file my_file08.pdb (PDB, C-alpha atoms)
ATOM      1  CA  MET A 217     -75.530  -9.756  21.473  1.00  0.00           C
ATOM      2  CA  ARG A 218     -74.869  -6.965  19.027  1.00  0.00           C
ATOM      3  CA  ILE A 219     -71.471  -5.562  18.081  1.00  0.00           C
ATOM      4  CA  ALA A 220     -71.187  -2.606  15.719  1.00  0.00           C
ATOM      5  CA  VAL A 221     -68.034  -0.814  14.591  1.00  0.00           C
ATOM      6  CA  GLN A 222     -69.206   2.096  12.500  1.00  0.00           C
ATOM      7  CA  LEU A 223     -68.449   5.534  11.040  1.00  0.00           C
ATOM      8  CA  GLU A 224     -71.984   6.831  11.547  1.00  0.00           C
ATOM      9  CA  PRO A 225     -73.200   8.600  14.682  1.00  0.00           C
ATOM     10  CA  PHE A 226     -75.782   6.727  16.739  1.00  0.00           C
ATOM     11  CA  ASP A 227     -78.526   7.653  19.187  1.00  0.00           C
ATOM     12  CA  THR A 228     -77.711   6.216  22.621  1.00  0.00           C
ATOM     13  CA  GLY A 229     -81.336   6.611  23.775  1.00  0.00           C
ATOM     14  CA  ALA A 230     -82.715   4.739  20.773  1.00  0.00           C
ATOM     15  CA  GLU A 231     -80.058   2.047  21.112  1.00  0.00           C
ATOM     16  CA  LEU A 232     -80.873   1.579  24.789  1.00  0.00           C
ATOM     17  CA  SER A 233     -84.606   1.336  24.064  1.00  0.00           C
ATOM     18  CA  GLY A 234     -83.984  -1.220  21.342  1.00  0.00           C
ATOM     19  CA  PHE A 235     -81.625  -3.198  23.562  1.00  0.00           C
ATOM     20  CA  GLN A 236     -84.076  -3.282  26.447  1.00  0.00           C
ATOM     21  CA  ALA A 237     -86.960  -4.231  24.154  1.00  0.00           C
ATOM     22  CA  GLY A 238     -84.808  -7.067  22.803  1.00  0.00           C
ATOM     23  CA  CYS A 239     -84.130  -8.310  26.337  1.00  0.00           C
ATOM     24  CA  ALA A 240     -87.840  -8.205  27.148  1.00  0.00           C
ATOM     25  CA  GLY A 241     -88.944 -10.007  24.006  1.00  0.00           C
ATOM     26  CA  GLY A 242     -86.075 -12.318  23.101  1.00  0.00           C
ATOM     27  CA  GLU A 243     -85.252 -15.830  24.176  1.00  0.00           C
ATOM     28  CA  THR A 244     -84.305 -14.573  27.665  1.00  0.00           C
ATOM     29  CA  ARG A 245     -87.791 -13.032  27.974  1.00  0.00           C
ATOM     30  CA  GLY A 246     -88.554 -11.901  31.489  1.00  0.00           C
ATOM     31  CA  GLU A 247     -85.139 -12.861  32.904  1.00  0.00           C
ATOM     32  CA  THR A 248     -83.592  -9.382  32.725  1.00  0.00           C
ATOM     33  CA  GLY A 249     -83.798  -7.401  35.934  1.00  0.00           C
ATOM     34  CA  ALA A 250     -80.940  -4.935  35.406  1.00  0.00           C
ATOM     35  CA  VAL A 251     -79.552  -2.991  32.457  1.00  0.00           C
ATOM     36  CA  VAL A 252     -76.315  -1.011  32.741  1.00  0.00           C
ATOM     37  CA  THR A 253     -75.120   1.344  30.014  1.00  0.00           C
ATOM     38  CA  PHE A 254     -71.922   3.290  29.580  1.00  0.00           C
ATOM     39  CA  SER A 255     -71.224   5.827  26.862  1.00  0.00           C
ATOM     40  CA  GLY A 256     -67.891   7.400  26.012  1.00  0.00           C
ATOM     41  CA  VAL A 257     -67.865  10.988  24.776  1.00  0.00           C
ATOM     42  CA  VAL A 258     -65.107  12.987  23.042  1.00  0.00           C
ATOM     43  CA  ARG A 259     -63.715  15.226  25.798  1.00  0.00           C
ATOM     44  CA  ASN A 260     -62.188  18.563  24.865  1.00  0.00           C
ATOM     45  CA  SER A 261     -58.518  19.186  25.672  1.00  0.00           C
ATOM     46  CA  ALA A 262     -57.578  21.032  28.889  1.00  0.00           C
ATOM     47  CA  SER A 263     -57.101  24.220  26.883  1.00  0.00           C
ATOM     48  CA  GLY A 264     -60.335  23.683  24.976  1.00  0.00           C
ATOM     49  CA  ASP A 265     -58.671  23.647  21.546  1.00  0.00           C
ATOM     50  CA  LEU A 266     -59.501  20.124  20.382  1.00  0.00           C
ATOM     51  CA  ALA A 267     -60.803  20.416  16.819  1.00  0.00           C
ATOM     52  CA  ALA A 268     -61.397  16.710  16.292  1.00  0.00           C
ATOM     53  CA  MET A 269     -60.553  13.205  17.397  1.00  0.00           C
ATOM     54  CA  GLU A 270     -59.638  10.758  14.642  1.00  0.00           C
ATOM     55  CA  ILE A 271     -60.142   7.103  15.457  1.00  0.00           C
ATOM     56  CA  GLU A 272     -58.410   4.452  13.393  1.00  0.00           C
ATOM     57  CA  HIS A 273     -59.103   0.735  13.772  1.00  0.00           C
ATOM     58  CA  TYR A 274     -58.146  -2.649  12.373  1.00  0.00           C
ATOM     59  CA  PRO A 275     -61.189  -3.865  10.404  1.00  0.00           C
ATOM     60  CA  GLY A 276     -61.826  -7.525  11.074  1.00  0.00           C
ATOM     61  CA  MET A 277     -59.657  -7.812  14.148  1.00  0.00           C
ATOM     62  CA  THR A 278     -61.720  -5.152  15.940  1.00  0.00           C
ATOM     63  CA  GLU A 279     -65.006  -7.014  15.564  1.00  0.00           C
ATOM     64  CA  GLY A 280     -63.345 -10.347  16.403  1.00  0.00           C
ATOM     65  CA  ALA A 281     -61.683  -8.958  19.531  1.00  0.00           C
ATOM     66  CA  ILE A 282     -64.907  -7.368  20.812  1.00  0.00           C
ATOM     67  CA  ALA A 283     -66.841 -10.602  20.187  1.00  0.00           C
ATOM     68  CA  LYS A 284     -64.220 -12.434  22.248  1.00  0.00           C
ATOM     69  CA  PHE A 285     -64.513  -9.950  25.142  1.00  0.00           C
ATOM     70  CA  ALA A 286     -68.312 -10.264  25.041  1.00  0.00           C
ATOM     71  CA  ALA A 287     -68.095 -14.076  25.077  1.00  0.00           C
ATOM     72  CA  GLU A 288     -65.660 -13.894  27.990  1.00  0.00           C
ATOM     73  CA  ALA A 289     -68.011 -11.553  29.892  1.00  0.00           C
ATOM     74  CA  SER A 290     -70.926 -13.927  29.257  1.00  0.00           C
ATOM     75  CA  ALA A 291     -68.856 -16.814  30.612  1.00  0.00           C
ATOM     76  CA  ARG A 292     -67.896 -14.914  33.773  1.00  0.00           C
ATOM     77  CA  TRP A 293     -71.227 -13.351  34.680  1.00  0.00           C
ATOM     78  CA  LEU A 294     -74.837 -14.329  34.266  1.00  0.00           C
ATOM     79  CA  LEU A 295     -75.899 -12.003  31.437  1.00  0.00           C
ATOM     80  CA  THR A 296     -79.033 -12.036  29.355  1.00  0.00           C
ATOM     81  CA  ASP A 297     -77.597  -9.804  26.604  1.00  0.00           C
ATOM     82  CA  CYS A 298     -74.915  -7.264  25.764  1.00  0.00           C
ATOM     83  CA  LEU A 299     -74.330  -4.522  23.225  1.00  0.00           C
ATOM     84  CA  VAL A 300     -71.148  -2.783  22.066  1.00  0.00           C
ATOM     85  CA  ILE A 301     -71.112   0.090  19.558  1.00  0.00           C
ATOM     86  CA  HIS A 302     -67.817   1.842  18.764  1.00  0.00           C
ATOM     87  CA  ARG A 303     -67.321   4.545  16.175  1.00  0.00           C
ATOM     88  CA  HIS A 304     -64.246   5.251  14.076  1.00  0.00           C
ATOM     89  CA  GLY A 305     -63.341   8.143  11.779  1.00  0.00           C
ATOM     90  CA  ARG A 306     -63.419  11.834  12.638  1.00  0.00           C
ATOM     91  CA  LEU A 307     -65.389  12.953  15.708  1.00  0.00           C
ATOM     92  CA  THR A 308     -65.725  16.363  17.362  1.00  0.00           C
ATOM     93  CA  PRO A 309     -65.866  17.213  21.098  1.00  0.00           C
ATOM     94  CA  GLY A 310     -69.177  16.232  22.658  1.00  0.00           C
ATOM     95  CA  GLU A 311     -69.874  13.442  20.175  1.00  0.00           C
ATOM     96  CA  THR A 312     -70.504   9.944  21.475  1.00  0.00           C
ATOM     97  CA  ILE A 313     -67.616   7.608  20.606  1.00  0.00           C
ATOM     98  CA  MET A 314     -68.977   4.367  21.927  1.00  0.00           C
ATOM     99  CA  MET A 315     -71.479   2.666  24.163  1.00  0.00           C
ATOM    100  CA  VAL A 316     -71.677  -0.577  26.093  1.00  0.00           C
ATOM    101  CA  ALA A 317     -74.872  -2.033  27.494  1.00  0.00           C
ATOM    102  CA  THR A 318     -75.202  -5.168  29.584  1.00  0.00           C
ATOM    103  CA  ALA A 319     -78.357  -6.885  30.777  1.00  0.00           C
ATOM    104  CA  ALA A 320     -78.562  -9.411  33.581  1.00  0.00           C
ATOM    105  CA  PRO A 321     -81.041 -10.800  36.089  1.00  0.00           C
ATOM    106  CA  HIS A 322     -79.228  -8.812  38.819  1.00  0.00           C
ATOM    107  CA  ARG A 323     -77.314  -5.522  38.776  1.00  0.00           C
ATOM    108  CA  ALA A 324     -73.990  -6.737  40.211  1.00  0.00           C
ATOM    109  CA  ASP A 325     -73.403  -8.911  37.135  1.00  0.00           C
ATOM    110  CA  ALA A 326     -74.488  -6.142  34.759  1.00  0.00           C
ATOM    111  CA  PHE A 327     -72.158  -3.574  36.386  1.00  0.00           C
ATOM    112  CA  ALA A 328     -69.174  -5.937  36.547  1.00  0.00           C
ATOM    113  CA  ALA A 329     -69.586  -7.087  32.940  1.00  0.00           C
ATOM    114  CA  ALA A 330     -69.882  -3.485  31.714  1.00  0.00           C
ATOM    115  CA  GLU A 331     -66.668  -2.531  33.528  1.00  0.00           C
ATOM    116  CA  PHE A 332     -64.895  -5.607  32.196  1.00  0.00           C
ATOM    117  CA  LEU A 333     -65.964  -4.803  28.634  1.00  0.00           C
ATOM    118  CA  MET A 334     -64.854  -1.176  29.014  1.00  0.00           C
ATOM    119  CA  ASP A 335     -61.434  -2.136  30.397  1.00  0.00           C
ATOM    120  CA  TYR A 336     -60.822  -4.530  27.508  1.00  0.00           C
ATOM    121  CA  LEU A 337     -62.138  -2.095  24.901  1.00  0.00           C
ATOM    122  CA  LYS A 338     -59.707   0.548  26.206  1.00  0.00           C
ATOM    123  CA  SER A 339     -56.538  -1.522  25.981  1.00  0.00           C
ATOM    124  CA  ARG A 340     -57.166  -4.647  23.892  1.00  0.00           C
ATOM    125  CA  ALA A 341     -59.473  -3.626  21.047  1.00  0.00           C
ATOM    126  CA  PRO A 342     -57.440  -2.336  18.086  1.00  0.00           C
ATOM    127  CA  PHE A 343     -58.469   1.324  18.087  1.00  0.00           C
ATOM    128  CA  TRP A 344     -56.085   4.272  18.036  1.00  0.00           C
ATOM    129  CA  LYS A 345     -57.041   7.866  18.798  1.00  0.00           C
ATOM    130  CA  LYS A 346     -55.419  10.936  17.332  1.00  0.00           C
ATOM    131  CA  GLU A 347     -56.119  14.407  18.685  1.00  0.00           C
ATOM    132  CA  ILE A 348     -56.288  17.235  16.168  1.00  0.00           C
ATOM    133  CA  THR A 349     -55.719  20.739  17.557  1.00  0.00           C
ATOM    134  CA  ALA A 350     -54.773  24.109  16.096  1.00  0.00           C
ATOM    135  CA  SER A 351     -51.137  23.344  16.906  1.00  0.00           C
ATOM    136  CA  GLY A 352     -51.075  19.968  15.147  1.00  0.00           C
ATOM    137  CA  ALA A 353     -52.040  16.326  15.407  1.00  0.00           C
ATOM    138  CA  GLU A 354     -50.896  13.871  18.034  1.00  0.00           C
ATOM    139  CA  TRP A 355     -51.563  10.185  18.714  1.00  0.00           C
ATOM    140  CA  VAL A 356     -53.016   9.599  22.150  1.00  0.00           C
ATOM    141  CA  ALA A 357     -50.628   7.525  24.294  1.00  0.00           C
ATOM    142  CA  ALA A 358     -51.948   4.485  26.114  1.00  0.00           C
ATOM    143  CA  LYS A 359     -52.216   5.050  29.874  1.00  0.00           C
ATOM    144  CA  ASP A 360     -50.519   2.775  32.408  1.00  0.00           C
ATOM    145  CA  SER A 361     -53.659   3.044  34.531  1.00  0.00           C
ATOM    146  CA  ASP A 362     -55.731   1.523  31.704  1.00  0.00           C
ATOM    147  CA  GLU A 363     -53.300  -1.366  31.416  1.00  0.00           C
ATOM    148  CA  ALA A 364     -53.325  -1.816  35.207  1.00  0.00           C
ATOM    149  CA  ALA A 365     -57.134  -1.929  35.140  1.00  0.00           C
ATOM    150  CA  LEU A 366     -56.909  -5.264  33.300  1.00  0.00           C
ATOM    151  CA  ASP A 367     -54.969  -6.886  36.150  1.00  0.00           C
ATOM    152  CA  ARG A 368     -57.938  -7.107  38.471  1.00  0.00           C
ATOM    153  CA  TRP A 369     -59.808  -9.285  35.960  1.00  0.00           C
ATOM    154  CA  ARG A 370     -56.818 -11.596  35.629  1.00  0.00           C
ATOM    155  CA  GLU A 371     -56.472 -11.932  39.405  1.00  0.00           C
ATOM    156  CA  GLU A 372     -60.140 -12.589  39.871  1.00  0.00           C
ATOM    157  CA  GLY A 373     -60.168 -14.999  36.937  1.00  0.00           C
TER     158      GLY A 373
ATOM    159  CA  MET B 145     -45.487 -14.019   0.853  1.00  0.00           C
ATOM    160  CA  ILE B 146     -46.954 -12.470   3.930  1.00  0.00           C
ATOM    161  CA  GLU B 147     -49.380  -9.559   4.250  1.00  0.00           C
ATOM    162  CA  VAL B 148     -48.010  -6.915   6.620  1.00  0.00           C
ATOM    163  CA  LEU B 149     -50.279  -4.183   8.015  1.00  0.00           C
ATOM    164  CA  TYR B 150     -49.377  -1.014   9.897  1.00  0.00           C
ATOM    165  CA  PHE B 151     -51.612   1.203  12.015  1.00  0.00           C
ATOM    166  CA  ALA B 152     -51.481   4.632  13.668  1.00  0.00           C
ATOM    167  CA  TRP B 153     -47.968   6.150  13.983  1.00  0.00           C
ATOM    168  CA  VAL B 154     -46.370   2.929  12.761  1.00  0.00           C
ATOM    169  CA  ARG B 155     -48.275   3.366   9.478  1.00  0.00           C
ATOM    170  CA  GLU B 156     -47.226   7.034   9.297  1.00  0.00           C
ATOM    171  CA  ARG B 157     -43.579   6.244   9.983  1.00  0.00           C
ATOM    172  CA  ILE B 158     -43.416   3.461   7.413  1.00  0.00           C
ATOM    173  CA  GLY B 159     -45.474   5.436   4.948  1.00  0.00           C
ATOM    174  CA  LEU B 160     -48.064   2.877   3.896  1.00  0.00           C
ATOM    175  CA  PRO B 161     -50.950   0.938   5.445  1.00  0.00           C
ATOM    176  CA  ARG B 162     -50.116  -2.520   4.118  1.00  0.00           C
ATOM    177  CA  GLU B 163     -47.758  -4.401   1.840  1.00  0.00           C
ATOM    178  CA  ARG B 164     -46.956  -7.928   0.734  1.00  0.00           C
ATOM    179  CA  ILE B 165     -43.503  -9.032   1.778  1.00  0.00           C
ATOM    180  CA  GLU B 166     -41.387 -11.913   0.594  1.00  0.00           C
ATOM    181  CA  THR B 167     -39.548 -13.149   3.645  1.00  0.00           C
ATOM    182  CA  GLY B 168     -37.993 -16.217   5.150  1.00  0.00           C
ATOM    183  CA  ALA B 169     -38.149 -14.779   8.675  1.00  0.00           C
ATOM    184  CA  ALA B 170     -38.902 -17.446  11.276  1.00  0.00           C
ATOM    185  CA  THR B 171     -40.354 -15.145  13.932  1.00  0.00           C
ATOM    186  CA  VAL B 172     -41.875 -11.679  14.269  1.00  0.00           C
ATOM    187  CA  ALA B 173     -38.578 -10.382  15.717  1.00  0.00           C
ATOM    188  CA  ASP B 174     -36.705 -11.817  12.711  1.00  0.00           C
ATOM    189  CA  LEU B 175     -39.098 -10.044  10.339  1.00  0.00           C
ATOM    190  CA  MET B 176     -38.604  -6.750  12.208  1.00  0.00           C
ATOM    191  CA  ALA B 177     -34.811  -7.143  12.017  1.00  0.00           C
ATOM    192  CA  GLU B 178     -34.976  -8.020   8.322  1.00  0.00           C
ATOM    193  CA  LEU B 179     -37.141  -4.986   7.467  1.00  0.00           C
ATOM    194  CA  SER B 180     -35.069  -2.680   9.693  1.00  0.00           C
ATOM    195  CA  ALA B 181     -31.941  -3.699   7.798  1.00  0.00           C
ATOM    196  CA  ARG B 182     -33.706  -3.055   4.503  1.00  0.00           C
ATOM    197  CA  GLU B 183     -34.669   0.622   4.997  1.00  0.00           C
ATOM    198  CA  PRO B 184     -34.303   3.291   7.709  1.00  0.00           C
ATOM    199  CA  ARG B 185     -38.072   3.932   7.856  1.00  0.00           C
ATOM    200  CA  TYR B 186     -38.577   0.400   9.200  1.00  0.00           C
ATOM    201  CA  ALA B 187     -35.684   0.793  11.620  1.00  0.00           C
ATOM    202  CA  ALA B 188     -37.322   4.008  12.859  1.00  0.00           C
ATOM    203  CA  ALA B 189     -40.716   2.348  13.311  1.00  0.00           C
ATOM    204  CA  PHE B 190     -39.325  -0.770  15.018  1.00  0.00           C
ATOM    205  CA  ALA B 191     -36.624   0.969  17.129  1.00  0.00           C
ATOM    206  CA  ASP B 192     -38.467   0.532  20.429  1.00  0.00           C
ATOM    207  CA  PRO B 193     -40.384  -2.765  20.593  1.00  0.00           C
ATOM    208  CA  SER B 194     -41.781  -1.837  24.025  1.00  0.00           C
ATOM    209  CA  SER B 195     -43.882   0.804  22.256  1.00  0.00           C
ATOM    210  CA  LEU B 196     -45.194  -1.731  19.724  1.00  0.00           C
ATOM    211  CA  ARG B 197     -47.761  -4.493  19.660  1.00  0.00           C
ATOM    212  CA  VAL B 198     -48.076  -7.231  17.063  1.00  0.00           C
ATOM    213  CA  ALA B 199     -50.995  -9.329  15.873  1.00  0.00           C
ATOM    214  CA  LEU B 200     -50.722 -12.536  13.849  1.00  0.00           C
ATOM    215  CA  ASP B 201     -53.825 -13.344  11.813  1.00  0.00           C
ATOM    216  CA  GLN B 202     -55.691 -10.772  13.933  1.00  0.00           C
ATOM    217  CA  GLU B 203     -54.709 -12.223  17.320  1.00  0.00           C
ATOM    218  CA  LEU B 204     -52.268 -10.423  19.651  1.00  0.00           C
ATOM    219  CA  ALA B 205     -48.934 -12.238  19.761  1.00  0.00           C
ATOM    220  CA  ASP B 206     -45.411 -11.984  21.161  1.00  0.00           C
ATOM    221  CA  PHE B 207     -42.348 -10.876  19.217  1.00  0.00           C
ATOM    222  CA  ASP B 208     -40.835 -14.353  19.454  1.00  0.00           C
ATOM    223  CA  ALA B 209     -43.937 -15.964  17.928  1.00  0.00           C
ATOM    224  CA  PRO B 210     -43.246 -18.104  14.822  1.00  0.00           C
ATOM    225  CA  LEU B 211     -44.477 -16.907  11.424  1.00  0.00           C
ATOM    226  CA  ALA B 212     -44.954 -20.374   9.925  1.00  0.00           C
ATOM    227  CA  GLY B 213     -48.464 -20.591   8.448  1.00  0.00           C
ATOM    228  CA  VAL B 214     -49.267 -16.953   9.270  1.00  0.00           C
ATOM    229  CA  ARG B 215     -50.995 -14.984   6.496  1.00  0.00           C
ATOM    230  CA  GLU B 216     -51.290 -11.548   8.111  1.00  0.00           C
ATOM    231  CA  VAL B 217     -48.955  -9.681  10.466  1.00  0.00           C
ATOM    232  CA  ALA B 218     -49.934  -6.301  11.911  1.00  0.00           C
ATOM    233  CA  PHE B 219     -47.755  -3.812  13.774  1.00  0.00           C
ATOM    234  CA  PHE B 220     -49.267  -1.020  15.845  1.00  0.00           C
ATOM    235  CA  PRO B 221     -48.858   1.015  19.042  1.00  0.00           C
ATOM    236  CA  PRO B 222     -50.631   0.097  22.301  1.00  0.00           C
ATOM    237  CA  MET B 223     -54.360   0.416  21.726  1.00  0.00           C
ATOM    238  CA  THR B 224     -56.428   3.398  22.860  1.00  0.00           C
ATOM    239  CA  GLY B 225     -60.074   2.453  22.436  1.00  0.00           C
ATOM    240  CA  GLY B 226     -63.106   3.256  24.526  1.00  0.00           C
TER     241      GLY B 226
END

call {"tool": "encode", "arguments": {"input": "my_file08.pdb", "output": "structure tokens"}}
result
Amino acid sequence: MRIAVQLEPFDTGAELSGFQAGCAGGETRGETGAVVTFSGVVRNSASGDLAAMEIEHYPGMTEGAIAKFAAEASARWLLTDCLVIHRHGRLTPGETIMMVATAAPHRADAFAAAEFLMDYLKSRAPFWKKEITASGAEWVAAKDSDEAALDRWREEG
Amino acid sequence: MIEVLYFAWVRERIGLPRERIETGAATVADLMAELSAREPRYAAAFADPSSLRVALDQELADFDAPLAGVREVAFFPPMTGG
């Protein structure tokens, strides 16, 4: 399991290759049959005037919270490994904000765990996004739909 | 003494990212009331608790949670990661 909260850009292709190589050669050697990855990208505003997205986080709590979500995912589904990378600082449209990768013997577990991790990263990891446009800067409001997405994991749990 | 941290618009409204506060507040809500009475910038930041979240020693908590033994309190808006 690797968790990285970083300012620097990262290469999703290289990360995926490294993750998959780790699954193939690590202590779960040969057990991985499915790898699911998700990457989040800075989307431009509807009017196309987004200059940048600034992401603030709570150093210490962020890493601890993500580690907890990953441990929870590993307890719920049969996983062989998982990876979470999330950037902070100033990003421009088109840049990759974050990625999640999950590896499991079978794809259903890998898909479910990736969705679970994404839902918790959205609403329970201490990150805050601010959109910078020509007309000013505005904090992104949390969406009710993101909060509602957590309910299904509680019901199933 | 307790370390109090602020993030996102809470930090902007209060005007600083962290401070050490001498307080006898028993709960998070008591601390918010005490700070709000001290200066309008706190009252402005804490006016609507439904738009706030709190963490005690880096774990999400409720506003009625006790502060006894807590070293670090953080106030911030609902999180927008991912």

call {"tool": "interface_residues", "arguments": {"input": "my_file08.pdb", "of": "chain B", "to": "chain A", "cutoff": "6 Å", "atoms": "only C-alpha atoms", "output": "list in words"}}
result
Gln202, Pro222, Met223, Thr224, Gly225 and Gly226 of chain B

call {"tool": "write_last_selection", "arguments": {"input": "my_file08.pdb", "atoms": "C-alpha atoms", "output": "tab-separated table (two decimals), in the frame of the given file"}}
result
chain	number	residue	atom	x	y	z
B	202	GLN	CA	-55.69	-10.77	13.93
B	222	PRO	CA	-50.63	0.10	22.30
B	223	MET	CA	-54.36	0.42	21.73
B	224	THR	CA	-56.43	3.40	22.86
B	225	GLY	CA	-60.07	2.45	22.44
B	226	GLY	CA	-63.11	3.26	24.53

call {"tool": "residues_around", "arguments": {"input": "my_file08.pdb", "residues": "Leu200 (chain B)", "least_positions_apart": "2", "cutoff": "9 Å", "atoms": "only C-alpha atoms", "output": "PyMOL selection string"}}
result
chain B and resi 172+198+202-205+209+211+214-218

call {"tool": "atom_distance", "arguments": {"input": "my_file08.pdb", "atom1": "CA of Asp360 (chain A)", "atom2": "CA of Gly159 (chain B)"}}
result
28.0 Å

call {"tool": "residues_around", "arguments": {"input": "my_file08.pdb", "residues": "Ala319 (chain A)", "least_positions_apart": "5", "cutoff": "12 Å", "atoms": "all atoms listed in the file", "output": "VMD selection string"}}
result
chain A and resid 217 232 235 to 240 244 to 253 289 to 290 293 to 299 324 to 330

call {"tool": "atom_distance", "arguments": {"input": "my_file08.pdb", "atom1": "CA of Met145 (chain B)", "atom2": "CA of Arg182 (chain B)"}}
result
16.5 Å

call {"tool": "closest_residue", "arguments": {"input": "my_file08.pdb", "among": "A:Asn260, A:Gln222, A:Ser361, A:Thr228", "to": "Pro309 (chain A)", "atoms": "all atoms listed in the file"}}
result
A:Asn260

call {"tool": "atom_distance", "arguments": {"input": "my_file08.pdb", "atom1": "CA of Ala189 (chain B)", "atom2": "CA of Arg259 (chain A)"}}
result
29.2 Å

call {"tool": "axis_aligned_box", "arguments": {"input": "my_file08.pdb", "around": "region 329-346 of chain A", "padding_each_side": "3 Å", "output": "AutoDock Vina command-line options"}}
result
--center_x -62.7 --center_y 1.9 --center_z 25.4 --size_x 20.5 --size_y 24.0 --size_z 22.2

call {"tool": "resolve_selection", "arguments": {"input": "my_file08.pdb", "expression": "the PyMOL selection byres ((chain A and resi 352) around 12)", "output": "MDAnalysis selection string"}}
result
chainID A and resid 265:269 346:351 353:355

call {"tool": "resolve_selection", "arguments": {"input": "my_file08.pdb", "expression": "the PyMOL selection byres ((chain B and resi 148) around 9)", "output": "list in words"}}
result
Ile146, Glu147, Leu149, Tyr150, Pro161, Arg162, Glu163, Arg164, Ile165, Arg215, Glu216, Val217, Ala218 and Phe219 of chain B

call {"tool": "closest_residue", "arguments": {"input": "my_file08.pdb", "among": "B:Ile158, B:Ala173, B:Ala212, B:Ala199", "to": "Arg185 (chain B)", "atoms": "all atoms listed in the file"}}
result
B:Ile158
